[in-house]
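Raw contents of protein-v3.cif, mmCIF, C-alpha atoms:
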```
data_data
#
loop_
_atom_site.label_atom_id
_atom_site.label_comp_id
_atom_site.auth_asym_id
_atom_site.auth_seq_id
_atom_site.Cartn_x
_atom_site.Cartn_y
_atom_site.Cartn_z
CA MET Q 1 243.98 260.74 -97.14
CA ASN Q 2 241.21 258.81 -98.89
CA LEU Q 3 237.58 258.92 -97.77
CA ASP Q 4 237.71 255.61 -95.87
CA ASP Q 5 240.70 256.75 -93.82
CA LEU Q 6 239.20 260.19 -93.30
CA LEU Q 7 236.00 258.68 -91.87
CA ARG Q 8 237.81 256.19 -89.63
CA ASP Q 9 240.10 258.91 -88.32
CA SER Q 10 237.30 261.43 -87.72
CA LEU Q 11 234.95 258.98 -86.02
CA ARG Q 12 237.70 257.99 -83.58
CA ASP Q 13 238.30 261.60 -82.55
CA ASP Q 14 238.59 261.70 -78.75
CA ARG Q 15 236.33 264.77 -78.63
CA LEU Q 16 233.38 262.55 -79.54
CA ALA Q 17 233.68 260.63 -76.28
CA LEU Q 18 231.19 261.89 -73.69
CA PRO Q 19 231.47 261.66 -69.92
CA VAL Q 20 229.04 259.10 -68.49
CA PRO Q 21 226.51 260.95 -66.28
CA ALA Q 22 226.35 259.38 -62.84
CA ASP Q 23 222.56 259.39 -62.76
CA THR Q 24 221.84 257.80 -66.14
CA LEU Q 25 220.50 254.55 -64.72
CA ASP Q 26 218.31 256.46 -62.25
CA VAL Q 27 216.91 258.51 -65.13
CA VAL Q 28 216.27 255.34 -67.14
CA ARG Q 29 214.46 253.77 -64.17
CA ARG Q 30 212.22 256.84 -63.79
CA MET Q 31 211.50 256.95 -67.55
CA ARG Q 32 210.59 253.27 -67.50
CA ARG Q 33 208.14 253.76 -64.66
CA ARG Q 34 206.63 256.78 -66.46
CA ARG Q 35 206.34 254.89 -69.73
CA ARG Q 36 204.50 252.05 -67.99
CA ARG Q 37 201.98 254.55 -66.63
CA LEU Q 38 201.68 256.20 -70.06
CA THR Q 39 201.05 252.83 -71.68
CA VAL Q 40 198.03 252.33 -69.47
CA ALA Q 41 196.80 255.88 -70.13
CA THR Q 42 197.38 255.56 -73.88
CA ALA Q 43 195.44 252.31 -74.03
CA SER Q 44 192.54 254.07 -72.35
CA ALA Q 45 192.76 257.03 -74.75
CA GLY Q 46 192.92 254.67 -77.72
CA THR Q 47 189.82 252.88 -76.56
CA LEU Q 48 188.00 256.18 -76.18
CA ALA Q 49 189.11 257.27 -79.65
CA LEU Q 50 187.90 253.99 -81.13
CA VAL Q 51 184.55 254.43 -79.43
CA GLY Q 52 184.41 257.95 -80.88
CA VAL Q 53 185.05 256.70 -84.39
CA VAL Q 54 182.34 254.08 -84.05
CA VAL Q 55 179.90 256.69 -82.79
CA VAL Q 56 180.70 258.97 -85.73
CA LEU Q 57 180.38 256.19 -88.26
CA ALA Q 58 177.31 254.44 -86.96
CA PRO Q 59 174.69 256.97 -88.15
CA GLY Q 60 176.19 256.92 -91.64
CA GLY Q 61 175.28 253.27 -92.15
CA GLY Q 62 178.04 252.41 -94.60
CA ALA Q 63 179.02 255.97 -95.46
CA ALA Q 64 182.71 256.62 -96.13
CA PRO Q 65 184.55 256.66 -92.80
CA ARG Q 66 185.52 260.16 -91.89
CA THR Q 67 186.96 261.46 -88.68
CA ALA Q 68 188.01 264.94 -87.78
CA ILE Q 69 190.93 264.81 -85.38
CA VAL Q 70 191.10 268.37 -84.11
CA PRO Q 71 188.27 270.81 -83.50
CA GLY Q 72 188.69 273.95 -85.53
CA ALA Q 73 187.05 276.30 -87.96
CA ALA Q 74 185.44 274.19 -90.66
CA SER Q 75 186.81 274.47 -94.15
CA THR Q 76 184.72 273.97 -97.23
CA SER Q 77 187.25 271.59 -98.76
CA PRO Q 78 188.89 269.38 -96.15
CA THR Q 79 192.01 267.59 -97.30
CA PRO Q 80 192.48 263.90 -96.49
CA ILE Q 81 195.84 262.92 -95.05
CA PRO Q 82 197.41 260.66 -97.70
CA GLY Q 83 197.50 256.99 -96.85
CA SER Q 84 195.12 257.18 -93.92
CA THR Q 85 192.10 254.91 -94.12
CA PRO Q 86 189.62 255.65 -92.76
CA ALA Q 87 190.58 259.14 -93.82
CA TYR Q 88 191.57 261.78 -91.35
CA TYR Q 89 190.73 265.20 -92.64
CA ILE Q 90 192.64 268.43 -92.31
CA ARG Q 91 190.26 271.35 -92.20
CA ASN Q 92 192.70 274.10 -91.33
CA ALA Q 93 196.40 274.52 -90.73
CA ARG Q 94 196.12 273.96 -86.98
CA ASP Q 95 194.74 270.48 -87.61
CA TRP Q 96 198.28 269.33 -88.51
CA PHE Q 97 199.27 269.66 -84.84
CA LEU Q 98 198.10 266.91 -82.52
CA THR Q 99 198.10 266.55 -78.77
CA LYS Q 100 199.68 263.39 -77.40
CA ALA Q 101 196.34 261.59 -77.01
CA GLN Q 102 195.31 262.54 -80.55
CA SER Q 103 198.69 261.51 -81.89
CA ASP Q 104 198.63 258.16 -80.10
CA ALA Q 105 195.18 257.46 -81.50
CA PHE Q 106 196.26 258.45 -85.00
CA PHE Q 107 199.52 256.55 -85.09
CA ALA Q 108 197.93 253.49 -83.48
CA GLY Q 109 195.88 253.16 -86.64
CA PHE Q 110 198.15 254.51 -89.34
CA GLN Q 111 201.82 254.18 -90.05
CA GLU Q 112 203.87 257.04 -91.35
CA PRO Q 113 203.78 256.59 -95.12
CA SER Q 114 207.08 255.54 -96.62
CA PRO Q 115 208.60 257.75 -99.30
CA LYS Q 116 207.93 256.59 -102.84
CA PRO Q 117 210.97 255.07 -104.56
CA ASP Q 118 211.17 257.99 -106.97
CA ASP Q 119 211.28 260.45 -104.08
CA SER Q 120 214.77 259.39 -103.04
CA VAL Q 121 217.42 261.10 -105.13
CA PRO Q 122 221.05 262.07 -104.62
CA SER Q 123 221.53 265.22 -102.61
CA PRO Q 124 222.23 268.06 -103.18
CA GLN Q 125 220.05 268.77 -106.23
CA SER Q 126 220.40 271.99 -108.17
CA SER Q 127 217.82 274.61 -107.41
CA GLY Q 128 214.80 275.31 -109.60
CA PRO Q 129 211.51 277.18 -109.48
CA LEU Q 130 210.57 275.83 -106.04
CA THR Q 131 213.77 277.14 -104.51
CA ASP Q 132 213.49 280.41 -106.41
CA ARG Q 133 210.07 280.86 -104.88
CA LEU Q 134 211.37 280.22 -101.37
CA VAL Q 135 214.26 282.63 -101.95
CA ALA Q 136 211.76 285.28 -103.06
CA GLU Q 137 209.78 284.77 -99.86
CA LEU Q 138 212.89 285.22 -97.71
CA GLN Q 139 213.86 288.34 -99.61
CA ALA Q 140 210.35 289.75 -99.27
CA ALA Q 141 210.59 289.13 -95.53
CA GLY Q 142 213.79 291.16 -95.40
CA VAL Q 143 216.30 288.40 -94.66
CA PRO Q 144 219.71 289.81 -95.68
CA GLY Q 145 222.28 287.94 -97.74
CA VAL Q 146 219.97 285.22 -99.08
CA GLU Q 147 221.67 285.35 -102.48
CA GLY Q 148 224.72 283.63 -101.00
CA PHE Q 149 222.87 280.82 -99.26
CA ARG Q 150 223.60 277.19 -100.14
CA ARG Q 151 220.61 275.72 -102.01
CA ASP Q 152 219.37 272.15 -102.28
CA GLU Q 153 216.12 270.88 -103.77
CA ALA Q 154 216.54 267.37 -102.37
CA ASP Q 155 217.49 267.97 -98.77
CA SER Q 156 218.59 264.69 -97.18
CA GLY Q 157 218.01 262.93 -100.46
CA GLN Q 158 214.26 263.53 -100.63
CA ARG Q 159 212.91 265.04 -103.83
CA GLY Q 160 210.99 268.26 -103.26
CA SER Q 161 212.52 268.86 -99.85
CA LEU Q 162 214.09 272.31 -100.06
CA SER Q 163 216.92 273.65 -98.00
CA LEU Q 164 218.44 277.12 -97.86
CA ALA Q 165 221.33 277.53 -95.46
CA GLY Q 166 223.86 280.24 -95.02
CA THR Q 167 225.50 282.92 -92.98
CA LEU Q 168 223.96 286.37 -92.63
CA PRO Q 169 226.13 289.48 -93.07
CA ASP Q 170 226.39 289.73 -89.27
CA GLY Q 171 227.85 286.21 -89.05
CA ARG Q 172 224.80 284.39 -87.70
CA GLN Q 173 223.71 281.18 -89.43
CA LEU Q 174 220.18 280.53 -90.66
CA THR Q 175 218.61 277.42 -92.14
CA VAL Q 176 215.21 277.35 -93.84
CA ASN Q 177 213.75 273.99 -94.87
CA ARG Q 178 210.53 273.40 -96.78
CA PHE Q 179 208.90 270.05 -97.44
CA PRO Q 180 205.39 268.67 -97.89
CA THR Q 181 204.55 266.98 -94.62
CA ARG Q 182 202.67 263.71 -95.00
CA TYR Q 183 201.54 263.09 -91.46
CA PRO Q 184 200.45 265.17 -88.47
CA ILE Q 185 202.92 266.54 -85.96
CA ASN Q 186 202.78 265.31 -82.39
CA LEU Q 187 203.26 268.39 -80.22
CA ASP Q 188 204.44 266.17 -77.39
CA GLY Q 189 207.17 264.59 -79.50
CA VAL Q 190 208.88 267.54 -81.16
CA GLY Q 191 212.42 266.35 -80.70
CA VAL Q 192 211.80 264.90 -77.26
CA GLU Q 193 208.97 263.27 -75.36
CA GLY Q 194 207.04 265.79 -73.26
CA SER Q 195 207.74 268.78 -75.49
CA ALA Q 196 204.12 270.02 -75.51
CA LYS Q 197 204.72 272.16 -72.45
CA TYR Q 198 207.54 274.03 -74.19
CA VAL Q 199 206.13 274.68 -77.66
CA THR Q 200 203.45 277.11 -78.83
CA VAL Q 201 201.01 276.90 -81.72
CA GLU Q 202 199.43 280.05 -83.08
CA ASP Q 203 197.77 281.37 -86.23
CA VAL Q 204 199.91 283.41 -88.60
CA PRO Q 205 198.10 286.76 -88.89
CA GLY Q 206 196.86 287.63 -92.34
CA THR Q 207 197.16 284.08 -93.65
CA ALA Q 208 195.47 280.69 -93.35
CA ASP Q 209 198.70 279.24 -91.92
CA ALA Q 210 199.56 278.06 -88.42
CA ALA Q 211 202.95 278.23 -86.74
CA LEU Q 212 204.81 276.04 -84.27
CA LEU Q 213 207.23 277.99 -82.10
CA ILE Q 214 210.08 276.02 -80.52
CA PRO Q 215 212.06 278.03 -77.96
CA PRO Q 216 215.81 277.80 -77.43
CA HIS Q 217 217.18 275.34 -74.88
CA MET Q 218 214.11 273.09 -75.02
CA PRO Q 219 215.26 269.66 -73.85
CA GLY Q 220 216.26 267.60 -76.84
CA SER Q 221 216.50 270.46 -79.29
CA GLY Q 222 219.89 271.98 -78.58
CA SER Q 223 220.43 275.67 -78.01
CA GLY Q 224 218.68 277.06 -81.09
CA SER Q 225 215.17 278.24 -81.89
CA THR Q 226 212.80 277.05 -84.61
CA VAL Q 227 209.65 278.45 -86.17
CA ALA Q 228 207.71 276.06 -88.40
CA VAL Q 229 204.89 277.49 -90.53
CA LEU Q 230 202.36 275.05 -91.98
CA THR Q 231 199.85 275.82 -94.67
CA PRO Q 232 196.47 274.08 -94.61
CA GLU Q 233 197.80 271.93 -97.47
CA GLY Q 234 200.66 270.73 -95.26
CA LEU Q 235 203.57 272.64 -96.74
CA ASP Q 236 205.99 272.90 -93.82
CA THR Q 237 208.55 275.72 -93.80
CA GLY Q 238 210.95 275.55 -90.87
CA TRP Q 239 213.23 278.41 -89.83
CA SER Q 240 216.05 277.37 -87.51
CA SER Q 241 219.08 279.05 -86.06
CA ALA Q 242 221.41 278.46 -83.15
CA THR Q 243 221.93 282.16 -82.52
CA ILE Q 244 219.08 284.19 -84.02
CA PRO Q 245 216.41 284.92 -81.37
CA LEU Q 246 213.02 283.27 -81.69
CA ALA Q 247 211.32 286.67 -82.04
CA GLN Q 248 213.42 287.53 -85.10
CA LEU Q 249 212.84 284.12 -86.71
CA LYS Q 250 209.12 284.54 -86.08
CA ALA Q 251 209.06 288.03 -87.60
CA TRP Q 252 210.77 286.80 -90.77
CA ALA Q 253 208.70 283.62 -91.00
CA TYR Q 254 205.41 285.48 -90.60
CA ALA Q 255 206.38 288.21 -93.08
CA ALA Q 256 207.38 285.54 -95.61
CA ALA Q 257 204.08 283.68 -95.05
CA ARG Q 258 202.09 286.87 -95.53
CA TRP Q 259 203.94 287.65 -98.76
CA ALA Q 260 203.36 284.11 -100.02
CA SER Q 261 199.67 284.40 -99.15
CA ASP Q 262 199.39 287.69 -101.03
CA HIS Q 263 201.40 286.42 -104.03
CA PRO Q 264 200.18 282.89 -104.81
CA SER Q 265 202.47 281.06 -107.21
CA MET G 1 222.11 245.38 -59.82
CA THR G 2 220.06 243.46 -62.40
CA ASP G 3 221.47 241.88 -65.55
CA PHE G 4 220.05 244.74 -67.59
CA GLU G 5 221.62 247.36 -65.35
CA GLU G 6 224.99 245.65 -65.57
CA PHE G 7 224.68 245.57 -69.35
CA ALA G 8 223.66 249.23 -69.47
CA SER G 9 226.49 250.36 -67.20
CA ALA G 10 229.10 248.59 -69.29
CA ALA G 11 227.66 249.74 -72.60
CA LEU G 12 227.05 253.40 -71.67
CA PRO G 13 230.36 254.94 -72.86
CA GLY G 14 230.06 253.33 -76.29
CA LEU G 15 226.36 254.16 -76.59
CA LEU G 16 226.93 257.81 -75.68
CA ARG G 17 229.65 258.12 -78.27
CA PHE G 18 227.43 256.43 -80.88
CA GLY G 19 224.62 258.83 -79.95
CA HIS G 20 226.96 261.80 -80.15
CA VAL G 21 227.95 260.93 -83.70
CA LEU G 22 224.33 260.31 -84.72
CA THR G 23 222.92 263.52 -83.27
CA GLY G 24 225.92 265.84 -83.22
CA ASP G 25 224.75 267.12 -79.85
CA PRO G 26 225.86 265.83 -76.41
CA LEU G 27 222.51 266.55 -74.72
CA ARG G 28 220.50 264.90 -77.47
CA ALA G 29 222.92 261.97 -77.37
CA GLU G 30 222.19 261.50 -73.68
CA GLU G 31 218.42 261.63 -74.24
CA LEU G 32 218.70 259.25 -77.17
CA VAL G 33 220.62 256.72 -75.07
CA GLN G 34 218.15 257.02 -72.21
CA GLN G 35 215.15 256.42 -74.47
CA ALA G 36 216.85 253.49 -76.21
CA LEU G 37 217.74 251.91 -72.87
CA VAL G 38 214.14 252.20 -71.70
CA SER G 39 213.00 250.38 -74.86
CA THR G 40 215.72 247.79 -74.43
CA TRP G 41 214.77 247.19 -70.80
CA ALA G 42 211.15 246.62 -71.81
CA ARG G 43 212.28 243.86 -74.21
CA TRP G 44 215.11 242.55 -72.04
CA ARG G 45 213.66 239.09 -71.44
CA HIS G 46 213.51 238.48 -75.19
CA ILE G 47 216.90 239.86 -76.18
CA GLU G 48 219.32 239.42 -73.29
CA HIS G 49 220.67 236.14 -74.68
CA ASP G 50 220.56 237.20 -78.30
CA GLN G 51 221.78 240.62 -79.40
CA PRO G 52 221.29 243.28 -76.74
CA HIS G 53 224.02 245.49 -78.24
CA ALA G 54 222.41 245.31 -81.67
CA TYR G 55 218.95 245.93 -80.22
CA VAL G 56 219.89 249.06 -78.29
CA ARG G 57 221.71 250.52 -81.29
CA ARG G 58 218.72 249.78 -83.49
CA ALA G 59 216.49 251.53 -80.97
CA MET G 60 218.79 254.55 -81.06
CA VAL G 61 218.78 254.73 -84.86
CA HIS G 62 214.99 254.35 -85.03
CA THR G 63 214.40 256.95 -82.32
CA HIS G 64 216.79 259.40 -83.92
CA THR G 65 215.21 258.87 -87.34
CA SER G 66 211.80 259.48 -85.80
CA TRP G 67 212.99 262.73 -84.15
CA TRP G 68 214.46 263.85 -87.45
CA ARG G 69 211.34 263.04 -89.46
CA ARG G 70 209.03 264.81 -87.06
CA SER G 71 211.05 267.93 -86.56
CA ARG G 72 213.57 268.13 -89.41
CA ARG G 73 215.82 269.93 -87.00
CA GLU G 74 219.48 269.09 -86.74
CA ALA G 75 222.28 270.41 -84.65
CA PRO G 76 223.69 273.46 -86.41
CA LEU G 77 226.97 273.21 -88.21
CA PRO G 78 229.98 274.21 -86.12
CA ALA G 79 230.78 277.91 -86.24
CA GLY G 80 233.07 278.69 -89.11
CA TYR G 81 232.26 275.52 -91.01
CA ASP G 82 232.99 275.99 -94.67
CA PRO G 83 233.41 272.92 -96.85
CA ALA G 84 235.45 274.93 -99.31
CA ALA G 85 237.89 276.31 -96.74
CA PRO G 86 241.54 275.33 -97.18
CA GLU G 87 242.92 272.61 -94.94
CA THR G 88 244.53 274.03 -91.82
CA GLY G 89 245.09 270.93 -89.74
CA ALA G 90 243.90 267.51 -88.70
CA LEU G 91 241.29 268.80 -86.26
CA GLU G 92 239.74 271.10 -88.82
CA GLU G 93 239.71 268.25 -91.31
CA ARG G 94 237.89 266.05 -88.79
CA ASP G 95 235.44 268.85 -88.03
CA ARG G 96 234.63 269.22 -91.69
CA THR G 97 234.22 265.45 -92.01
CA LEU G 98 231.88 265.26 -89.02
CA ALA G 99 229.90 268.28 -90.25
CA ALA G 100 229.52 266.64 -93.65
CA LEU G 101 228.41 263.43 -91.93
CA ARG G 102 225.74 265.42 -90.15
CA GLN G 103 224.25 266.44 -93.47
CA LEU G 104 223.38 262.83 -94.30
CA PRO G 105 219.91 261.46 -93.55
CA PRO G 106 219.89 259.58 -90.23
CA ARG G 107 219.93 256.05 -91.60
CA GLN G 108 222.76 256.76 -94.04
CA ARG G 109 224.64 258.37 -91.17
CA ALA G 110 224.05 255.31 -89.02
CA VAL G 111 225.35 253.01 -91.75
CA ILE G 112 228.56 255.03 -92.02
CA VAL G 113 229.10 255.09 -88.26
CA LEU G 114 228.45 251.38 -87.87
CA ARG G 115 230.81 250.62 -90.74
CA TYR G 116 233.68 252.98 -89.99
CA TYR G 117 233.53 253.29 -86.22
CA GLU G 118 232.04 249.99 -85.07
CA ASP G 119 233.72 248.09 -87.94
CA LEU G 120 230.59 246.02 -88.56
CA SER G 121 230.09 244.00 -91.71
CA GLU G 122 227.16 244.67 -94.06
CA ALA G 123 225.32 241.67 -92.61
CA GLU G 124 225.88 242.91 -89.06
CA ILE G 125 224.76 246.43 -89.95
CA ALA G 126 221.66 244.98 -91.59
CA ARG G 127 220.87 243.10 -88.36
CA VAL G 128 221.30 246.26 -86.28
CA LEU G 129 219.15 248.38 -88.59
CA GLY G 130 216.58 245.68 -89.28
CA CYS G 131 216.97 245.79 -93.05
CA SER G 132 218.56 243.73 -95.82
CA PRO G 133 222.30 243.74 -96.62
CA GLY G 134 221.36 245.10 -100.06
CA THR G 135 219.72 248.11 -98.44
CA VAL G 136 222.84 248.65 -96.33
CA LYS G 137 224.96 248.53 -99.46
CA SER G 138 222.83 251.09 -101.31
CA GLN G 139 222.61 253.40 -98.29
CA ALA G 140 226.39 253.24 -97.85
CA SER G 141 226.93 253.91 -101.53
CA ARG G 142 224.71 256.99 -101.48
CA ALA G 143 226.26 258.26 -98.28
CA LEU G 144 229.81 257.90 -99.60
CA ARG G 145 228.88 259.62 -102.83
CA THR G 146 227.47 262.58 -100.92
CA LEU G 147 230.47 262.70 -98.59
CA SER G 148 232.87 262.57 -101.52
CA THR G 149 231.17 265.62 -102.98
CA LEU G 150 231.11 267.53 -99.72
CA LEU G 151 234.68 266.67 -98.79
CA SER G 152 236.31 266.84 -102.19
CA PRO G 153 238.69 269.67 -101.15
CA ASP G 154 240.05 267.53 -98.29
CA LEU G 155 240.33 264.46 -100.45
CA GLU G 156 242.13 266.32 -103.18
CA THR G 157 244.54 268.36 -101.10
CA SER G 158 245.46 265.86 -98.38
CA PRO G 159 248.48 263.62 -98.77
CA SER G 160 247.41 260.01 -99.28
#
```

Show this structure as structure tokens.
Amino acid sequence: MNLDDLLRDSLRDDRLALPVPADTLDVVRRMRRRRRRLTVATASAGTLALVGVVVVLAPGGGAAPRTAIVPGAASTSPTPIPGSTPAYYIRNARDWFLTKAQSDAFFAGFQEPSPKPDDSVPSPQSSGPLTDRLVAELQAAGVPGVEGFRRDEADSGQRGSLSLAGTLPDGRQLTVNRFPTRYPINLDGVGVEGSAKYVTVEDVPGTADAALLIPPHMPGSGSGSTVAVLTPEGLDTGWSSATIPLAQLKAWAYAAARWASDHPS
Amino acid sequence: MTDFEEFASAALPGLLRFGHVLTGDPLRAEELVQQALVSTWARWRHIEHDQPHAYVRRAMVHTHTSWWRRSRREAPLPAGYDPAAPETGALEERDRTLAALRQLPPRQRAVIVLRYYEDLSEAEIARVLGCSPGTVKSQASRALRTLSTLLSPDLETSPS
């Protein structure tokens, strides 16, 4: 069977058909009403944010626009988010995570930057030093069987986006992705609108990193768990598994982050 | 029932299937369809006489791409998935094909689904995705190249 036939045959598989839930239209009606209310609230929040920016800028009298989006411990060398003008500054790893109001204000002014043309490459790409480094971190954290994991340095066709995926000796599957994030993460839009009440953000002990913990069975995220560790520079390392408990993912992710912090490349 | 609700009721089975292929997860497919229908309803006056089917599919692709970009989380591969495993039957072959499809970036995946399931032309896919036919062509080319690599055992060992 050639590829065209294989795709046509697979995409017409009866198992892909889903039963139509009886309440779909009711759900859509409720979501529409909620979105209308949110639109009003967001407009108000955006106005407040704009006022805040003006207040911050006014005393500077022509100084470079500069807005901190999240309160946090001040860093001596804040990092501007690429492509954002006026610049938003990241002062610590937690600043990458925004509440809904902060996210609405940010994305009302700035679009997600598009990848550069050179960033798109065929995937998979053979592994190199970046992947070797990530493998070393997993091994230091005590993840078994990493040597046999599938490796890709251009996950989903994006240069510099690393992926390690494989099956542990006990049969459970683990995926670890690493990529430089280029825009803040809306805690209320992690996979599904309204996710803020399910996820947790905390500092990674012994490091300058912050972690986003996504529990299993969160609406919109399937049955698995995810732990995403962000460095202050925005390097995002996500640990995901359908069957490994969140506590185990967290233990590995934090141990790997501590090792990376103690052994800078 | 309003015009929009009649449209949504009739389109639901196809939209759910489209969402299932895009996300690889029945629950996410349902949420994706719901969100896309809310967006479509908000624009209904402007699109009801023009391309509501294209609009709702575009909303689904954009929403799914946004989810993917923000979270980088995908439905896990089916248990036992191994691209190098020998062919054991049509269902396994389809499973491997769908799992390989799930490894594509969302927009490449959408192009493949629109082309091979919806049987849309490049111009029609471009209208759904809001891009140029040239972009559709390059996305399809990349996607097929990746799929050829991932599925080479099936392509080599299956009778043509």

Rank nothing, just name the residue among Q:Ser103, Q:Gln248, Q:Asn92, Q:Ser127 nearest to Q:Ala208, using all atoms listed in the file.
->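 Ranked by minimum distance to Q:Ala208, first place goes to Q:Asn92.
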
Can you list every residue of stretch 173-201 of chain Q that has an atom at most 9 Å from stretch 223-236 of chain Q, with its nearest atom pair and the distance in Å to one decimal, using all atoms listed in the file, ordered by chain then number, as JSON lines?
```
{"residue": "Q:Asn177", "atom": "CA", "partner": "Q:Asp236", "partner_atom": "CA", "distance": 7.9}
{"residue": "Q:Arg178", "atom": "CA", "partner": "Q:Asp236", "partner_atom": "CA", "distance": 5.4}
{"residue": "Q:Phe179", "atom": "CA", "partner": "Q:Asp236", "partner_atom": "CA", "distance": 5.4}
{"residue": "Q:Pro180", "atom": "CA", "partner": "Q:Leu235", "partner_atom": "CA", "distance": 4.5}
{"residue": "Q:Thr181", "atom": "CA", "partner": "Q:Gly234", "partner_atom": "CA", "distance": 5.4}
{"residue": "Q:Arg182", "atom": "CA", "partner": "Q:Gly234", "partner_atom": "CA", "distance": 7.3}
{"residue": "Q:Tyr183", "atom": "CA", "partner": "Q:Gly234", "partner_atom": "CA", "distance": 8.6}
{"residue": "Q:Pro184", "atom": "CA", "partner": "Q:Gly234", "partner_atom": "CA", "distance": 8.8}
```

Residues near Q:Asn186, cut-off 7 Å, all atoms listed in the file, skip fewer than 6 positions along chain, as a list in words =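 My reading of the contact set: Phe97, Leu98, Thr99, Lys100 and Ser103 of chain Q.
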
Would you put the residues from that selection into a file with C-alpha atoms, as a PDB file, in the coordinates of the input?
```pdb
ATOM      1  CA  PHE Q  97     199.270 269.660 -84.840  1.00  0.00           C
ATOM      2  CA  LEU Q  98     198.100 266.910 -82.520  1.00  0.00           C
ATOM      3  CA  THR Q  99     198.100 266.550 -78.770  1.00  0.00           C
ATOM      4  CA  LYS Q 100     199.680 263.390 -77.400  1.00  0.00           C
ATOM      5  CA  SER Q 103     198.690 261.510 -81.890  1.00  0.00           C
TER       6      SER Q 103
END
```

Residues near stretch 15-28 of chain Q, cut-off 6 Å, all atoms listed in the file, skip fewer than 3 positions along chain, as a VMD selection string | (chain Q and resid 31) or (chain G and resid 17 34 38)

I need the residue set behind the PyMOL selection byres ((chain G and resi 3) around 12) for this file; please write it as a VMD selection string.
-> chain G and resid 1 to 2 4 to 10 41 44 to 45 47 to 49 52

Which distance in Å separates atom CA of Q:Pro205 and atom CA of Q:Tyr254, to one decimal?
->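 The value is 7.6 Å.
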
Mind giving me the straight-line distance from atom CA of G:Gln108 to atom CA of G:Leu150 in Å, one decimal?
-> 14.8 Å

With only C-alpha atoms as the atoms that count, which of Q:Leu164, Q:Leu174, Q:Ala242, Q:Ala196 lies nearest to Q:Arg133?
->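 Selected residue with least distance to Q:Arg133: Q:Leu164.
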
Excluding G:Ser141 and any residue of its chain fewer than 6 positions from it, enumerate the residues within 10 Å of it, using only C-alpha atoms, and give them as a list in words.
->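 Listed by chain and then number, they are Gln108, Val111, Ile112, Thr135 and Leu147 of chain G.
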
Determine the residue set returned by the PyMOL selection byres ((chain G and resi 18) around 9) for the present structure, and present it as a PyMOL selection string.
-> (chain Q and resi 16-17) or (chain G and resi 13-17+19-23+29+33+57+60+110+113-114+117-118)

Nearest to chain Q among G:Gln51, G:Thr97, G:Ser138, G:Thr40, with distances taken over all atoms listed in the file: which residue is it?
-> G:Thr97

One-decimal distance in Å that lies between atom CA of G:Arg109 and atom CA of G:Thr65 | 10.2 Å

Of the candidates Q:Glu147, Q:Asp95, Q:Asp104, Q:Asp188, which one gets nearest to chain G if we count only C-alpha atoms?
->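 Distance minimum relative to chain G lands on Q:Asp188.
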
Neighbours of stretch 142-145 of chain G within 12 Å (all atoms listed in the file; same-chain residues fewer than 3 positions away dropped), as number ranges by chain?
-> Q: 2-4, 6-7, 120-124, 156-157; G: 97, 100-113, 115-116, 135-139, 148-152

Name the residues that the PyMOL selection byres ((chain G and resi 91) around 12) picks from the file above, as a list in words, using the file's chain letters and numbers.
->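 When the PyMOL selection byres ((chain G and resi 91) around 12) is applied to the shown file, the picked residues are Leu6, Asp9, Ser10, Leu11, Arg12, Asp13, Asp14 and Arg15 of chain Q; Glu87, Thr88, Gly89, Ala90, Glu92, Glu93, Arg94, Asp95, Arg96, Thr97 and Leu98 of chain G.
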